[in-house]
file work-v7.cif (mmCIF, C-alpha atoms)
data_input
#
loop_
_atom_site.label_atom_id
_atom_site.label_comp_id
_atom_site.auth_asym_id
_atom_site.auth_seq_id
_atom_site.Cartn_x
_atom_site.Cartn_y
_atom_site.Cartn_z
CA MET A 1 -29.93 19.84 2.25
CA PRO A 2 -28.67 16.26 2.66
CA PRO A 3 -31.20 13.52 3.37
CA SER A 4 -31.85 12.53 6.97
CA SER A 5 -30.14 9.51 8.46
CA GLU A 6 -33.52 7.74 8.39
CA THR A 7 -33.80 8.35 4.63
CA ARG A 8 -30.23 7.11 4.11
CA SER A 9 -31.01 3.97 6.15
CA GLU A 10 -34.17 3.29 4.13
CA PHE A 11 -32.28 3.81 0.86
CA ARG A 12 -29.48 1.49 2.00
CA ALA A 13 -31.96 -1.20 3.08
CA TRP A 14 -33.76 -0.95 -0.27
CA THR A 15 -30.47 -1.10 -2.19
CA GLU A 16 -29.17 -4.08 -0.20
CA GLY A 17 -32.43 -5.92 -0.93
CA LEU A 18 -31.43 -5.91 -4.61
CA LEU A 19 -28.03 -7.53 -4.03
CA THR A 20 -27.08 -11.18 -4.17
CA ALA A 21 -26.56 -12.90 -0.80
CA LYS A 22 -22.75 -12.88 -1.19
CA THR A 23 -22.62 -9.20 -2.20
CA SER A 24 -25.02 -8.26 0.61
CA GLU A 25 -22.80 -10.09 3.12
CA THR A 26 -19.74 -8.21 1.85
CA VAL A 27 -21.52 -4.85 1.99
CA SER A 28 -22.84 -5.55 5.50
CA SER A 29 -19.34 -6.37 6.75
CA MET A 30 -18.03 -2.97 5.69
CA ALA A 31 -18.55 0.35 7.49
CA THR A 32 -20.89 2.77 5.77
CA PRO A 33 -19.32 5.89 4.21
CA ARG A 34 -21.28 8.14 6.59
CA GLU A 35 -19.92 6.29 9.64
CA ASP A 36 -16.37 6.66 8.32
CA ALA A 37 -16.93 10.36 7.65
CA VAL A 38 -18.16 10.90 11.21
CA GLU A 39 -15.12 9.14 12.65
CA VAL A 40 -12.74 11.25 10.55
CA VAL A 41 -14.48 14.47 11.61
CA GLU A 42 -14.24 13.48 15.27
CA GLU A 43 -10.52 12.71 14.94
CA SER A 44 -9.58 15.89 13.06
CA ASP A 45 -10.68 19.47 12.55
CA GLU A 46 -11.19 18.95 8.81
CA VAL A 47 -14.89 18.96 7.87
CA PHE A 48 -16.18 18.26 4.37
CA ASP A 49 -19.33 19.92 3.10
CA ASP A 50 -21.69 17.08 2.21
CA SER A 51 -23.91 19.38 0.14
CA THR A 52 -22.07 18.06 -2.91
CA TYR A 53 -23.13 14.48 -2.18
CA ARG A 54 -25.44 13.25 -4.92
CA PHE A 55 -27.81 10.43 -5.67
CA CYS A 56 -26.04 8.51 -8.41
CA LEU A 57 -26.60 5.58 -10.68
CA VAL A 58 -23.99 3.57 -12.55
CA GLU A 59 -25.66 2.05 -15.59
CA SER A 60 -23.99 -0.71 -17.55
CA PRO A 61 -26.03 -1.50 -20.66
CA GLU A 62 -25.24 -4.82 -22.33
CA GLY A 63 -22.46 -4.30 -24.87
CA ASP A 64 -21.81 -0.65 -24.01
CA TYR A 65 -19.64 1.38 -21.64
CA PRO A 66 -20.96 1.97 -18.12
CA ARG A 67 -22.31 5.45 -17.44
CA LEU A 68 -22.54 7.48 -14.26
CA ARG A 69 -25.68 9.56 -13.87
CA MET A 70 -26.23 12.05 -11.05
CA PHE A 71 -29.58 13.15 -9.67
CA ASN A 72 -30.70 16.00 -7.43
CA ASP A 73 -33.01 13.81 -5.35
CA ALA A 74 -33.92 10.20 -4.60
CA ALA A 75 -37.26 10.48 -6.44
CA SER A 76 -35.49 11.27 -9.72
CA LEU A 77 -33.17 8.30 -9.19
CA ALA A 78 -36.16 6.04 -8.50
CA LYS A 79 -37.85 7.27 -11.71
CA ARG A 80 -34.70 6.44 -13.69
CA LEU A 81 -34.62 2.95 -12.19
CA ALA A 82 -38.28 2.50 -13.15
CA SER A 83 -37.51 3.57 -16.73
CA LEU A 84 -34.80 0.89 -16.97
CA GLU A 85 -36.94 -1.95 -15.59
CA GLY A 86 -36.92 -4.94 -17.96
CA GLN A 87 -34.05 -3.62 -20.08
CA ASP A 88 -30.77 -5.46 -20.65
CA VAL A 89 -28.81 -3.32 -18.18
CA ALA A 90 -27.08 -3.72 -14.82
CA VAL A 91 -27.26 -0.77 -12.40
CA TRP A 92 -25.69 0.27 -9.09
CA PRO A 93 -27.41 3.14 -7.27
CA PHE A 94 -25.50 4.98 -4.56
CA TYR A 95 -25.51 8.17 -2.52
CA GLY A 96 -22.09 9.72 -2.30
CA LEU A 97 -19.47 12.00 -3.70
CA PRO A 98 -18.32 11.10 -7.21
CA LEU A 99 -14.67 12.00 -7.75
CA SER A 100 -13.09 13.23 -10.96
CA PHE A 101 -9.71 12.66 -12.52
CA THR A 102 -7.81 14.55 -15.18
CA LYS A 103 -7.08 13.61 -18.76
CA LEU A 104 -3.72 12.17 -19.77
CA GLU A 105 -2.11 15.00 -21.71
CA GLY A 106 1.41 15.87 -22.74
CA GLY A 107 3.15 13.28 -20.57
CA ALA A 108 1.84 14.85 -17.34
CA PRO A 109 0.38 12.38 -14.87
CA ARG A 110 -3.34 12.17 -14.26
CA HIS A 111 -4.63 13.59 -10.98
CA LEU A 112 -7.42 12.27 -8.76
CA ILE A 113 -9.29 15.35 -7.50
CA LEU A 114 -10.26 15.04 -3.83
CA PRO A 115 -13.21 16.69 -2.03
CA SER A 116 -10.86 18.94 -0.06
CA GLY A 117 -9.67 20.63 -3.27
CA SER A 118 -6.32 18.90 -3.23
CA ALA A 119 -5.36 16.12 -5.64
CA LEU A 120 -3.32 12.94 -5.78
CA THR A 121 -1.12 12.04 -8.72
CA ILE A 122 -2.19 8.78 -10.29
CA PRO A 123 0.95 6.61 -10.61
CA THR A 124 2.19 6.16 -14.15
CA PHE A 125 4.17 2.98 -13.53
CA PRO A 126 4.01 0.01 -11.10
CA GLY A 127 5.51 0.69 -7.67
CA GLN A 128 5.15 4.46 -7.89
CA GLU A 129 3.29 6.02 -4.97
CA PRO A 130 0.59 8.69 -5.38
CA GLU A 131 1.69 12.15 -4.26
CA GLU A 132 -0.63 14.76 -2.79
CA THR A 133 -0.78 18.17 -4.44
CA SER A 134 -2.30 20.67 -2.03
CA SER A 135 -2.87 23.56 -4.43
CA PHE A 136 -4.33 21.93 -7.51
CA PHE A 137 -6.64 23.49 -10.07
CA ALA A 138 -8.25 21.69 -12.99
CA SER A 139 -10.53 23.35 -15.51
CA ASP A 140 -13.60 21.51 -16.77
CA SER A 141 -11.75 20.78 -20.02
CA ASP A 142 -9.02 18.96 -18.07
CA ILE A 143 -11.44 16.40 -16.57
CA GLN A 144 -11.81 12.92 -18.11
CA GLU A 145 -15.63 13.12 -18.21
CA ASP A 146 -16.15 9.72 -19.84
CA GLY A 147 -13.97 7.84 -17.34
CA PHE A 148 -11.94 6.26 -20.17
CA LEU A 149 -8.44 5.14 -19.16
CA GLY A 150 -7.43 3.70 -22.53
CA PRO A 151 -5.15 5.27 -25.13
CA PRO A 152 -6.06 8.95 -25.71
CA GLU A 153 -6.35 8.40 -29.47
CA LEU A 154 -9.30 6.04 -28.87
CA VAL A 155 -11.38 8.65 -27.03
CA GLY A 156 -14.44 9.55 -29.08
CA GLU A 157 -17.36 11.85 -28.53
CA VAL A 158 -19.79 11.03 -25.75
CA VAL A 159 -22.83 9.69 -27.58
CA ASP A 160 -25.38 9.77 -24.78
CA GLY A 161 -25.09 12.89 -22.65
CA SER A 162 -28.73 12.86 -21.61
CA SER A 163 -29.85 12.70 -18.02
CA GLU A 164 -32.74 14.45 -16.37
CA ASP A 165 -30.89 15.96 -13.43
CA ILE A 166 -27.22 16.41 -14.21
#
call {"tool": "encode", "arguments": {"input": "work-v7.cif", "output": "structure tokens"}}
result
Amino acid sequence: MPPSSETRSEFRAWTEGLLTAKTSETVSSMATPREDAVEVVEESDEVFDDSTYRFCLVESPEGDYPRLRMFNDAASLAKRLASLEGQDVAVWPFYGLPLSFTKLEGGAPRHLILPSGSALTIPTFPGQEPEETSSFFASDSDIQEDGFLGPPELVGEVVDGSSEDI
């Protein structure tokens, strides 16, 4: 069950308290994802199931690749933040719907997988427009789990796959 709007407001207020003044001003000037989602639902018949929304944390340790961690509840996210306190790491907590994209294989374009089950092609050259694919299926092995967009030959094994709640 998704958190109440009061819980989301408290989480947002807490998160914004951690931001610099300039970043906080930018965030405040934008609409919240939940407000956008409500507007879209009111304008169309398409409704997304928000049960797949997750508490997430992007961790960027000094000198290492950023990592996305997903948690089943806010308490687990808070515990992770506490465990990182004082370490040389930058973090961005959020509540939302992480999206996946496919690996670059065999000259086929990557696809951005959307919550509706459809996908968009990710342009392979400047000026190309993304195209929607309504009946798209990607197996778990097709997903670029590490988020790496560099040359495929540089992809190595994921060293740290640990997280309490993934």
call {"tool": "residues_around", "arguments": {"input": "work-v7.cif", "residues": "Glu145 in chain A", "least_positions_apart": "6", "cutoff": "9 Å", "atoms": "all atoms listed in the file", "output": "tab-separated table (two decimals) with C-alpha atoms, in the frame of the given file"}}
result
chain	number	residue	atom	x	y	z
A	100	SER	CA	-13.09	13.23	-10.96
A	101	PHE	CA	-9.71	12.66	-12.52
A	102	THR	CA	-7.81	14.55	-15.18
A	103	LYS	CA	-7.08	13.61	-18.76
A	158	VAL	CA	-19.79	11.03	-25.75
call {"tool": "residues_around", "arguments": {"input": "work-v7.cif", "residues": "Tyr53 in chain A", "least_positions_apart": "4", "cutoff": "7 Å", "atoms": "all atoms listed in the file", "output": "list in words"}}
result
Tyr95, Gly96 and Leu97 of chain A
call {"tool": "resolve_selection", "arguments": {"input": "work-v7.cif", "expression": "the PyMOL selection byres ((chain A and resi 64-81) around 8)", "output": "list in words"}}
result
Arg54, Phe55, Cys56, Leu57, Val58, Glu59, Ser60, Pro61, Glu62, Gly63, Ala82, Ser83, Leu84, Glu85, Pro93, Asp146, Ser163, Glu164, Asp165 and Ile166 of chain A
call {"tool": "residues_around", "arguments": {"input": "work-v7.cif", "residues": "range 111-128 of chain A", "least_positions_apart": "6", "cutoff": "12 Å", "atoms": "all atoms listed in the file", "output": "PyMOL selection string"}}
result
chain A and resi 46-53+96-105+134-140+142-144+147+149
call {"tool": "atom_distance", "arguments": {"input": "work-v7.cif", "atom1": "CA of Phe148 in chain A", "atom2": "CA of Val89 in chain A"}}
result
19.5 Å
call {"tool": "atom_distance", "arguments": {"input": "work-v7.cif", "atom1": "CA of Leu154 in chain A", "atom2": "CA of Pro109 in chain A"}}
result
18.2 Å
call {"tool": "atom_distance", "arguments": {"input": "work-v7.cif", "atom1": "CA of Pro152 in chain A", "atom2": "CA of Gly107 in chain A"}}
result
11.4 Å
